$ cat coords-v9.cif   # mmCIF, C-alpha atoms and all ligand atoms
data_data
loop_
_atom_site.label_atom_id
_atom_site.label_comp_id
_atom_site.auth_asym_id
_atom_site.auth_seq_id
_atom_site.Cartn_x
_atom_site.Cartn_y
_atom_site.Cartn_z
CA LEU T 1 3.58 16.40 11.03
CA SER T 2 1.60 19.59 10.59
CA ARG T 3 -0.82 21.81 12.49
CA HIS T 4 -3.70 19.32 12.44
CA VAL T 5 -1.91 16.00 11.91
CA LEU T 6 -0.07 13.74 14.33
CA GLN T 7 1.67 10.55 13.23
CA LEU T 8 1.50 7.69 15.76
CA VAL T 9 4.74 5.74 15.46
CA PRO T 10 5.08 2.48 17.46
CA ASP T 11 8.19 2.00 19.63
CA VAL T 12 9.27 -0.93 17.45
CA GLY T 13 9.37 1.24 14.33
CA ARG T 14 7.25 1.12 11.22
CA ALA T 15 8.64 -1.71 9.10
CA TYR T 16 6.05 -4.36 8.19
CA PRO T 17 4.23 -5.86 10.12
CA HIS T 18 4.20 -2.48 11.87
CA GLY T 19 3.25 0.94 10.55
CA ALA T 20 2.35 4.46 11.66
CA PRO T 21 -1.26 5.73 11.45
CA LEU T 22 -2.23 9.42 11.45
CA LEU T 23 -4.55 11.33 13.75
CA VAL T 24 -6.22 14.29 12.00
CA SER T 25 -8.00 16.79 14.25
CA GLY T 26 -10.47 19.46 13.21
CA ARG T 27 -12.75 21.69 15.30
CA THR T 28 -15.69 19.28 15.14
CA ALA T 29 -14.23 15.81 14.54
CA ARG T 30 -11.07 13.70 14.67
CA VAL T 31 -10.28 10.81 12.35
CA VAL T 32 -7.54 8.22 12.33
CA ILE T 33 -6.10 7.28 8.94
CA ASP T 34 -5.22 3.56 9.01
CA SER T 35 -4.47 1.55 12.14
CA ALA T 36 -1.49 -0.59 13.16
CA LEU T 37 -0.15 -3.25 15.50
CA GLY T 38 1.29 -1.87 18.72
CA VAL T 39 -0.31 1.59 18.47
CA THR T 40 -2.75 2.87 21.09
CA LEU T 41 -5.12 5.23 19.34
CA PRO T 42 -6.35 8.38 21.09
CA PRO T 43 -10.13 9.01 21.19
CA HIS T 44 -11.46 9.68 17.69
CA ASP T 45 -14.68 9.58 15.67
CA GLY T 46 -13.86 7.17 12.87
CA PHE T 47 -11.32 5.68 10.47
CA LEU T 48 -10.25 6.44 6.93
CA LEU T 49 -8.38 3.52 5.38
CA SER T 50 -5.74 3.71 2.67
CA HIS T 51 -6.57 0.12 1.60
CA PHE T 52 -7.72 -3.24 2.89
CA HIS T 53 -4.38 -4.86 3.87
CA GLU T 54 -4.11 -6.62 7.25
CA ASP T 55 -1.47 -4.27 8.67
CA HIS T 56 -3.71 -1.20 8.13
CA VAL T 57 -6.97 -2.41 9.70
CA VAL T 58 -5.78 -3.71 13.10
CA GLY T 59 -8.59 -3.26 15.66
CA VAL T 60 -10.81 -1.30 13.28
CA ALA T 61 -13.58 -3.93 13.36
CA SER T 62 -13.59 -4.20 17.17
CA SER T 63 -13.53 -0.39 17.64
CA GLY T 64 -17.18 -0.13 16.64
CA LEU T 65 -16.37 3.16 14.88
CA PRO T 66 -17.31 4.08 11.30
CA ALA T 67 -14.69 3.31 8.66
CA ARG T 68 -14.38 4.37 5.04
CA VAL T 69 -12.34 2.82 2.26
CA HIS T 70 -12.30 3.17 -1.54
CA ALA T 71 -15.17 1.26 -3.19
CA ALA T 72 -12.68 -0.94 -5.08
CA ASP T 73 -11.33 -2.27 -1.75
CA LEU T 74 -14.67 -2.47 0.03
CA ALA T 75 -15.38 -6.18 -0.52
CA ALA T 76 -11.85 -7.04 0.65
CA THR T 77 -12.41 -4.95 3.79
CA THR T 78 -15.83 -6.30 4.70
CA SER T 79 -15.45 -10.05 4.00
CA TRP T 80 -12.83 -12.81 4.24
CA SER T 81 -13.81 -14.12 0.80
CA GLY T 82 -13.21 -10.64 -0.63
CA PHE T 83 -9.94 -10.31 1.26
CA GLN T 84 -8.69 -13.65 -0.06
CA ALA T 85 -9.80 -12.95 -3.62
CA SER T 86 -8.08 -9.57 -3.83
CA SER T 87 -4.93 -10.81 -2.06
CA GLY T 88 -4.65 -14.10 -3.94
CA TYR T 89 -2.27 -15.93 -1.59
CA THR T 90 -2.82 -19.63 -0.94
CA SER T 91 0.09 -20.24 1.46
CA PRO T 92 -0.98 -21.53 4.91
CA ALA T 93 1.77 -19.32 6.40
CA TRP T 94 0.04 -16.26 4.93
CA ARG T 95 -3.33 -17.33 6.32
CA ASP T 96 -1.77 -17.89 9.79
CA LEU T 97 -0.15 -14.46 9.65
CA VAL T 98 -3.33 -12.62 8.68
CA LEU T 99 -5.80 -14.46 10.89
CA GLY T 100 -3.37 -15.26 13.73
CA ASP T 101 -0.70 -12.58 14.16
CA PHE T 102 -2.89 -9.73 12.92
CA GLY T 103 -6.18 -11.14 14.26
CA TRP T 104 -7.82 -9.97 11.03
CA THR T 105 -11.60 -9.65 11.22
CA PRO T 106 -13.92 -8.18 8.60
CA VAL T 107 -14.85 -4.53 9.05
CA GLU T 108 -18.49 -5.17 8.23
CA ARG T 109 -19.52 -1.58 8.94
CA ALA T 110 -17.06 -0.13 6.43
CA THR T 111 -18.59 2.05 3.71
CA ALA T 112 -17.24 3.42 0.43
CA LEU T 113 -15.49 6.80 0.25
CA ASP T 114 -17.26 9.53 -1.67
CA LEU T 115 -14.44 10.72 -3.92
CA ASP T 116 -16.27 13.94 -4.81
CA GLU T 117 -16.80 15.00 -1.23
CA PRO T 118 -13.79 15.85 0.98
CA ILE T 119 -14.25 14.81 4.61
CA ASP T 120 -14.96 17.95 6.65
CA LEU T 121 -13.60 17.88 10.22
CA GLY T 122 -14.38 21.55 10.95
CA GLY T 123 -11.78 23.88 9.48
CA VAL T 124 -9.84 20.85 8.21
CA ARG T 125 -10.60 18.93 5.00
CA VAL T 126 -9.36 15.46 4.13
CA VAL T 127 -9.34 14.89 0.37
CA PRO T 128 -9.10 11.26 -0.87
CA ILE T 129 -6.55 10.84 -3.69
CA PRO T 130 -6.99 7.47 -5.46
CA LEU T 131 -3.58 5.79 -5.92
CA PRO T 132 -4.48 2.35 -7.31
CA GLY T 133 -1.93 -0.33 -8.11
CA HIS T 134 -0.76 -1.76 -4.78
CA THR T 135 -4.43 -2.66 -4.36
CA PRO T 136 -7.30 -1.61 -6.66
CA GLY T 137 -8.65 0.88 -4.13
CA HIS T 138 -5.41 2.13 -2.60
CA THR T 139 -5.97 5.78 -1.65
CA GLY T 140 -3.84 8.60 -0.28
CA TYR T 141 -5.27 11.54 1.67
CA LEU T 142 -4.44 15.23 1.37
CA VAL T 143 -5.14 17.17 4.57
CA GLU T 144 -5.90 20.84 3.98
CA PRO T 145 -5.08 23.59 4.84
CA ASP T 146 -1.90 21.78 6.04
CA GLY T 147 -0.86 20.53 2.60
CA MET T 148 -0.06 17.16 4.23
CA LEU T 149 -0.19 14.22 1.83
CA TYR T 150 -0.49 10.75 3.36
CA LEU T 151 0.86 8.23 0.85
CA GLY T 152 -0.24 4.98 2.53
CA ASP T 153 1.76 2.15 0.96
CA VAL T 154 3.31 4.27 -1.78
CA ASP T 155 6.02 3.90 0.85
CA LEU T 156 9.01 5.40 -1.04
CA SER T 157 11.05 2.38 0.12
CA SER T 158 14.28 1.24 -1.52
CA PHE T 159 12.59 -2.19 -1.90
CA GLY T 160 10.35 -0.54 -4.48
CA PRO T 161 6.60 -0.70 -5.09
CA TYR T 162 4.74 -3.90 -4.28
CA TYR T 163 2.16 -5.13 -6.80
CA GLY T 164 2.11 -8.85 -6.02
CA ASP T 165 -1.53 -9.32 -4.98
CA ALA T 166 -4.05 -10.92 -7.32
CA GLY T 167 -5.72 -7.49 -7.50
CA SER T 168 -2.52 -5.46 -7.92
CA SER T 169 -1.51 -3.69 -11.12
CA LEU T 170 1.95 -2.61 -12.26
CA ALA T 171 0.53 -0.20 -14.85
CA ASP T 172 -1.72 1.47 -12.25
CA THR T 173 1.18 1.58 -9.77
CA GLU T 174 3.29 3.54 -12.25
CA ARG T 175 0.44 5.96 -13.00
CA SER T 176 -0.07 6.51 -9.25
CA LEU T 177 3.62 7.41 -8.88
CA ASP T 178 2.98 10.15 -11.45
CA VAL T 179 -0.09 11.30 -9.52
CA VAL T 180 1.68 11.71 -6.16
CA ALA T 181 4.43 13.77 -7.80
CA ASP T 182 1.80 16.27 -8.99
CA VAL T 183 -0.14 16.75 -5.74
CA PRO T 184 0.53 20.28 -4.43
CA ALA T 185 1.62 19.09 -0.95
CA ARG T 186 4.14 20.56 1.51
CA VAL T 187 4.47 17.58 3.86
CA TRP T 188 4.55 13.91 2.86
CA ALA T 189 4.06 10.87 5.10
CA THR T 190 4.16 7.12 4.53
CA PHE T 191 2.82 4.29 6.69
CA HIS T 192 6.06 2.27 6.56
CA HIS T 193 9.73 2.99 6.05
CA LYS T 194 10.45 6.57 4.98
CA GLY T 195 8.19 8.27 7.50
CA SER T 196 7.77 11.93 6.74
CA THR T 197 9.44 14.92 5.17
CA SER T 198 8.58 18.55 4.60
CA SER T 199 11.20 18.96 1.89
CA ARG T 200 9.95 18.62 -1.69
CA SER T 201 13.43 17.78 -2.92
CA THR T 202 13.78 14.97 -0.33
CA PHE T 203 10.35 13.65 -1.32
CA GLU T 204 11.21 13.81 -5.02
CA SER T 205 14.53 12.03 -4.65
CA SER T 206 12.93 9.27 -2.50
CA LEU T 207 10.15 8.90 -5.07
CA ALA T 208 12.64 8.68 -7.94
CA ALA T 209 14.71 6.02 -6.12
CA HIS T 210 11.54 4.06 -5.26
CA ARG T 211 10.35 4.24 -8.85
CA ALA T 212 13.73 3.26 -10.30
CA VAL T 213 13.33 -0.18 -8.73
CA VAL T 214 10.59 -0.97 -11.28
CA GLY T 215 13.08 -0.46 -14.11
CA ARG T 216 15.73 -2.49 -12.30
CA ARG T 217 13.30 -5.43 -12.00
CA SER T 218 12.72 -5.33 -15.77
CA GLU T 219 16.46 -5.12 -16.32
CA ALA T 220 17.06 -8.15 -14.03
CA LEU T 221 14.44 -10.07 -16.02
CA ARG T 222 16.07 -9.12 -19.33
CA GLN T 223 19.35 -10.48 -18.02
CA LEU T 224 17.74 -13.77 -16.89
CA LEU T 225 15.94 -14.13 -20.23
CA HIS T 226 19.19 -13.51 -22.06
CA GLU T 227 20.84 -16.36 -20.09
CA GLY T 228 17.86 -18.71 -20.37
CA PRO T 229 16.74 -21.08 -23.13
CA ALA T 230 14.96 -19.81 -26.25
CA GLY T 231 11.19 -20.23 -26.61
CA PRO T 232 8.23 -19.23 -24.48
CA VAL T 233 9.21 -18.20 -20.98
CA ASP T 234 7.91 -19.99 -17.90
CA ALA T 235 7.62 -17.18 -15.34
CA ARG T 236 7.78 -19.69 -12.49
CA ALA T 237 11.39 -20.48 -13.38
CA LEU T 238 12.28 -16.80 -12.81
CA VAL T 239 11.01 -16.67 -9.22
CA GLY T 240 13.60 -16.65 -6.42
CA ARG T 241 16.36 -15.31 -8.65
CA GLY T 242 16.61 -11.78 -7.36
CA VAL T 243 14.06 -9.95 -9.51
CA VAL T 244 11.89 -8.84 -6.56
CA TYR T 245 13.42 -10.33 -3.40
CA ARG T 246 17.11 -10.85 -2.90
CA PRO T 247 17.46 -14.65 -2.94
CA GLY T 248 16.75 -16.08 0.50
CA THR T 249 14.96 -12.99 1.85
CA ALA T 250 11.37 -13.65 0.69
CA PRO T 251 8.68 -14.43 3.26
CA PRO T 252 7.02 -17.88 2.95
CA TRP T 253 4.25 -16.47 0.73
CA GLY T 254 6.65 -14.25 -1.21
CA ALA T 255 7.06 -16.59 -4.17
CA GLU T 256 3.36 -16.21 -5.03
CA GLY T 257 3.61 -12.43 -5.04
CA GLU T 258 6.92 -12.43 -6.91
CA LEU T 259 5.44 -14.65 -9.62
CA ARG T 260 2.55 -12.23 -10.17
CA MET T 261 4.94 -9.28 -10.29
CA ILE T 262 7.23 -11.03 -12.79
CA GLN T 263 4.24 -11.91 -15.00
CA GLN T 264 3.23 -8.24 -15.12
CA HIS T 265 6.76 -7.18 -16.08
CA LEU T 266 6.90 -9.81 -18.84
CA HIS T 267 3.53 -8.58 -20.10
CA GLN T 268 4.76 -4.96 -20.06
CA MET T 269 7.98 -5.99 -21.85
CA GLY T 270 5.96 -7.83 -24.52
CA VAL T 271 7.67 -11.15 -23.71
CA PRO T 272 5.49 -14.19 -24.51
CA HIS T 273 5.22 -16.35 -21.43
CA VAL T 274 3.43 -19.42 -20.17
CA ARG T 275 0.60 -18.39 -17.89
CA SER T 276 0.29 -20.50 -14.76
ZN ZN Q 301 -0.39 -2.72 1.74
#

$ encode --input "coords-v9.cif" --output "structure tokens"
Amino acid sequence: LSRHVLQLVPDVGRAYPHGAPLLVSGRTARVVIDSALGVTLPPHDGFLLSHFHEDHVVGVASSGLPARVHAADLAATTSWSGFQASSGYTSPAWRDLVLGDFGWTPVERATALDLDEPIDLGGVRVVPIPLPGHTPGHTGYLVEPDGMLYLGDVDLSSFGPYYGDAGSSLADTERSLDVVADVPARVWATFHHKGSTSSRSTFESSLAAHRAVVGRRSEALRQLLHEGPAGPVDARALVGRGVVYRPGTAPPWGAEGELRMIQQHLHQMGVPHVRS
């Protein structure tokens, strides 16, 4: 991606459940940012994590290496009870996916990032950029002097931002989209989907399209509310009707996430609704 950064893309591509970690090499140390299924990591000294999600921490626990994550995602990284609480899913299919397919295990050694202290790799600095919303501690990393901004799961996808966890926040997600636009970067990379670009105009148009999905979800809700009965809205009745997932395309646990996303839109729109 840049002089000191290599992106490790699996043969199967980087759509969930897969993704593409980064290797950042300085004169004195090498770190890997995130981990992924189907990626063999070269020798390195430790991990920086963008957030606690199962697809980003594959093999981190068993590596025995140090790992750092934002303090707000630390409990969800180091314990199953924390992981469940911040995720919020109750579906057995979700549990099987995380514990079975991903082989999730707690990264008990993980410690909190020091946000005031860039990570010094010898001639290369990695600066944590908090981008909360997707998860409370979601964090991007700016690698200097390369000007390479790793966006984690601010993935610039046409699906739009995901804020369906119990710990997610739509308001924080929107603020984080403002933050990434203002970082003085020259190369941008995501874990999933878009991959990387060194063109600011390509980055800006992807970001604008990604962000526009938030408005389209509100618009879809307005349309459904217009068609629905008068009185307080039951958000559960709006799930599965195309607001987040095209009908029939949601994963088995998707309804839980879609409900939480719809509730946040209704709250933002000032629509009174029954809380479930
Ligand atoms: Zn994620």

$ residues_near_ligand --input "coords-v9.cif" --ligand "ligand ZN 301 (chain Q)" --cutoff "10 Å" --atoms "all atoms listed in the file" --output "ChimeraX atom specification"
/T:16,50-56,134-135,138,152-155,161-163,165,191-192

$ closest_residue --input "coords-v9.cif" --among "T:Val58, T:Pro184, T:His210, T:Ala15" --to "T:Gly100" --atoms "all atoms listed in the file"
T:Val58

$ closest_residue --input "coords-v9.cif" --among "T:Ala237, T:Leu65, T:Leu131, T:Leu41" --to "T:Arg175" --atoms "all atoms listed in the file"
T:Leu131

$ closest_residue --input "coords-v9.cif" --among "T:Arg222, T:His44, T:Arg260, T:Arg217" --to "T:Val244" --atoms "only C-alpha atoms"
T:Arg217

$ atom_distance --input "coords-v9.cif" --atom1 "atom CA of T:Arg211" --atom2 "atom CA of T:Leu177"
7.4 Å

$ residues_near_point --input "coords-v9.cif" --point "(6.0, -6.6, -21.5)" --cutoff "12 Å" --atoms "all atoms listed in the file" --output "number ranges by chain"
T: 170-171, 215, 218-219, 221-222, 261-273

$ residues_around --input "coords-v9.cif" --residues "T:Arg246" --least-positions-apart "3" --cutoff "12 Å" --atoms "all atoms listed in the file" --output "compact mmCIF listing (two decimals) with C-alpha atoms, keeping the file's coordinate frame"
# COMPACT_ATOMS: atom_id res chain seq x y z
CA PHE T 159 12.59 -2.19 -1.90
CA ARG T 217 13.30 -5.43 -12.00
CA ALA T 220 17.06 -8.15 -14.03
CA VAL T 239 11.01 -16.67 -9.22
CA GLY T 240 13.60 -16.65 -6.42
CA ARG T 241 16.36 -15.31 -8.65
CA GLY T 242 16.61 -11.78 -7.36
CA VAL T 243 14.06 -9.95 -9.51
CA THR T 249 14.96 -12.99 1.85
CA ALA T 250 11.37 -13.65 0.69
CA PRO T 251 8.68 -14.43 3.26
CA GLY T 254 6.65 -14.25 -1.21
CA ALA T 255 7.06 -16.59 -4.17
CA GLU T 258 6.92 -12.43 -6.91

$ atom_distance --input "coords-v9.cif" --atom1 "atom CA of T:Ser62" --atom2 "atom CA of T:Glu117"
26.8 Å

$ closest_residue --input "coords-v9.cif" --among "T:Ala20, T:Arg200, T:Leu113, T:Ala185" --to "T:Val143" --atoms "all atoms listed in the file"
T:Ala185

$ residues_around --input "coords-v9.cif" --residues "T:Ser196" --least-positions-apart "5" --cutoff "8 Å" --atoms "only C-alpha atoms" --output "ChimeraX atom specification"
/T:1,187-190

$ closest_residue --input "coords-v9.cif" --among "T:Tyr89, T:Phe102, T:Tyr245, T:Trp80" --to "T:Val60" --atoms "only C-alpha atoms"
T:Phe102

$ atom_distance --input "coords-v9.cif" --atom1 "atom CA of T:Leu37" --atom2 "atom CA of T:Ile119"
25.4 Å

$ build_atoms --input "coords-v9.cif" --residues "stretch 35-46 of chain T" --atoms "all heavy atoms" --output "PDB file, keeping the file's coordinate frame"
ATOM      1  N   SER T  35      -4.712   1.992  10.769  1.00  0.00           N
ATOM      2  CA  SER T  35      -4.470   1.550  12.140  1.00  0.00           C
ATOM      3  C   SER T  35      -3.255   0.634  12.066  1.00  0.00           C
ATOM      4  O   SER T  35      -2.784   0.322  10.981  1.00  0.00           O
ATOM      5  CB  SER T  35      -5.706   0.816  12.652  1.00  0.00           C
ATOM      6  OG  SER T  35      -5.511   0.438  13.990  1.00  0.00           O
ATOM      7  N   ALA T  36      -2.717   0.226  13.218  1.00  0.00           N
ATOM      8  CA  ALA T  36      -1.490  -0.590  13.160  1.00  0.00           C
ATOM      9  C   ALA T  36      -1.322  -1.395  14.429  1.00  0.00           C
ATOM     10  O   ALA T  36      -1.860  -1.048  15.483  1.00  0.00           O
ATOM     11  CB  ALA T  36      -0.272   0.314  12.957  1.00  0.00           C
ATOM     12  N   LEU T  37      -0.537  -2.462  14.327  1.00  0.00           N
ATOM     13  CA  LEU T  37      -0.150  -3.250  15.500  1.00  0.00           C
ATOM     14  C   LEU T  37       0.674  -2.366  16.437  1.00  0.00           C
ATOM     15  O   LEU T  37       1.490  -1.563  15.983  1.00  0.00           O
ATOM     16  CB  LEU T  37       0.747  -4.426  15.075  1.00  0.00           C
ATOM     17  CG  LEU T  37       0.102  -5.622  14.376  1.00  0.00           C
ATOM     18  CD1 LEU T  37       1.193  -6.605  13.955  1.00  0.00           C
ATOM     19  CD2 LEU T  37      -0.941  -6.302  15.247  1.00  0.00           C
ATOM     20  N   GLY T  38       0.431  -2.515  17.742  1.00  0.00           N
ATOM     21  CA  GLY T  38       1.290  -1.870  18.720  1.00  0.00           C
ATOM     22  C   GLY T  38       1.092  -0.369  18.862  1.00  0.00           C
ATOM     23  O   GLY T  38       1.935   0.309  19.427  1.00  0.00           O
ATOM     24  N   VAL T  39      -0.026   0.150  18.336  1.00  0.00           N
ATOM     25  CA  VAL T  39      -0.310   1.590  18.470  1.00  0.00           C
ATOM     26  C   VAL T  39      -1.594   1.757  19.262  1.00  0.00           C
ATOM     27  O   VAL T  39      -2.608   1.156  18.932  1.00  0.00           O
ATOM     28  CB  VAL T  39      -0.483   2.257  17.082  1.00  0.00           C
ATOM     29  CG1 VAL T  39      -0.922   3.702  17.234  1.00  0.00           C
ATOM     30  CG2 VAL T  39       0.819   2.181  16.300  1.00  0.00           C
ATOM     31  N   THR T  40      -1.536   2.547  20.340  1.00  0.00           N
ATOM     32  CA  THR T  40      -2.750   2.870  21.090  1.00  0.00           C
ATOM     33  C   THR T  40      -3.319   4.154  20.508  1.00  0.00           C
ATOM     34  O   THR T  40      -2.641   5.188  20.489  1.00  0.00           O
ATOM     35  CB  THR T  40      -2.424   3.074  22.584  1.00  0.00           C
ATOM     36  OG1 THR T  40      -1.729   1.906  23.043  1.00  0.00           O
ATOM     37  CG2 THR T  40      -3.686   3.256  23.395  1.00  0.00           C
ATOM     38  N   LEU T  41      -4.540   4.070  20.011  1.00  0.00           N
ATOM     39  CA  LEU T  41      -5.120   5.230  19.340  1.00  0.00           C
ATOM     40  C   LEU T  41      -5.823   6.130  20.345  1.00  0.00           C
ATOM     41  O   LEU T  41      -6.549   5.649  21.211  1.00  0.00           O
ATOM     42  CB  LEU T  41      -6.120   4.757  18.275  1.00  0.00           C
ATOM     43  CG  LEU T  41      -5.527   3.865  17.176  1.00  0.00           C
ATOM     44  CD1 LEU T  41      -6.634   3.340  16.273  1.00  0.00           C
ATOM     45  CD2 LEU T  41      -4.486   4.631  16.360  1.00  0.00           C
ATOM     46  N   PRO T  42      -5.617   7.433  20.241  1.00  0.00           N
ATOM     47  CA  PRO T  42      -6.350   8.380  21.090  1.00  0.00           C
ATOM     48  C   PRO T  42      -7.837   8.390  20.692  1.00  0.00           C
ATOM     49  O   PRO T  42      -8.184   7.887  19.619  1.00  0.00           O
ATOM     50  CB  PRO T  42      -5.696   9.727  20.788  1.00  0.00           C
ATOM     51  CG  PRO T  42      -4.768   9.518  19.660  1.00  0.00           C
ATOM     52  CD  PRO T  42      -4.733   8.086  19.278  1.00  0.00           C
ATOM     53  N   PRO T  43      -8.709   8.950  21.537  1.00  0.00           N
ATOM     54  CA  PRO T  43     -10.130   9.010  21.190  1.00  0.00           C
ATOM     55  C   PRO T  43     -10.335   9.689  19.827  1.00  0.00           C
ATOM     56  O   PRO T  43      -9.691  10.696  19.539  1.00  0.00           O
ATOM     57  CB  PRO T  43     -10.746   9.850  22.305  1.00  0.00           C
ATOM     58  CG  PRO T  43      -9.792   9.739  23.444  1.00  0.00           C
ATOM     59  CD  PRO T  43      -8.432   9.572  22.842  1.00  0.00           C
ATOM     60  N   HIS T  44     -11.193   9.102  19.014  1.00  0.00           N
ATOM     61  CA  HIS T  44     -11.460   9.680  17.690  1.00  0.00           C
ATOM     62  C   HIS T  44     -12.839   9.228  17.230  1.00  0.00           C
ATOM     63  O   HIS T  44     -13.466   8.382  17.867  1.00  0.00           O
ATOM     64  CB  HIS T  44     -10.371   9.292  16.686  1.00  0.00           C
ATOM     65  CG  HIS T  44     -10.240   7.808  16.486  1.00  0.00           C
ATOM     66  ND1 HIS T  44      -9.622   6.989  17.392  1.00  0.00           N
ATOM     67  CD2 HIS T  44     -10.645   7.004  15.484  1.00  0.00           C
ATOM     68  CE1 HIS T  44      -9.652   5.742  16.959  1.00  0.00           C
ATOM     69  NE2 HIS T  44     -10.270   5.718  15.809  1.00  0.00           N
ATOM     70  N   ASP T  45     -13.296   9.796  16.104  1.00  0.00           N
ATOM     71  CA  ASP T  45     -14.680   9.580  15.670  1.00  0.00           C
ATOM     72  C   ASP T  45     -14.833   8.529  14.584  1.00  0.00           C
ATOM     73  O   ASP T  45     -15.956   8.111  14.298  1.00  0.00           O
ATOM     74  CB  ASP T  45     -15.267  10.906  15.175  1.00  0.00           C
ATOM     75  CG  ASP T  45     -15.213  11.967  16.257  1.00  0.00           C
ATOM     76  OD1 ASP T  45     -15.915  11.801  17.269  1.00  0.00           O
ATOM     77  OD2 ASP T  45     -14.432  12.930  16.119  1.00  0.00           O
ATOM     78  N   GLY T  46     -13.746   8.151  13.937  1.00  0.00           N
ATOM     79  CA  GLY T  46     -13.860   7.170  12.870  1.00  0.00           C
ATOM     80  C   GLY T  46     -12.530   6.981  12.165  1.00  0.00           C
ATOM     81  O   GLY T  46     -11.544   7.659  12.472  1.00  0.00           O
TER      82      GLY T  46
END
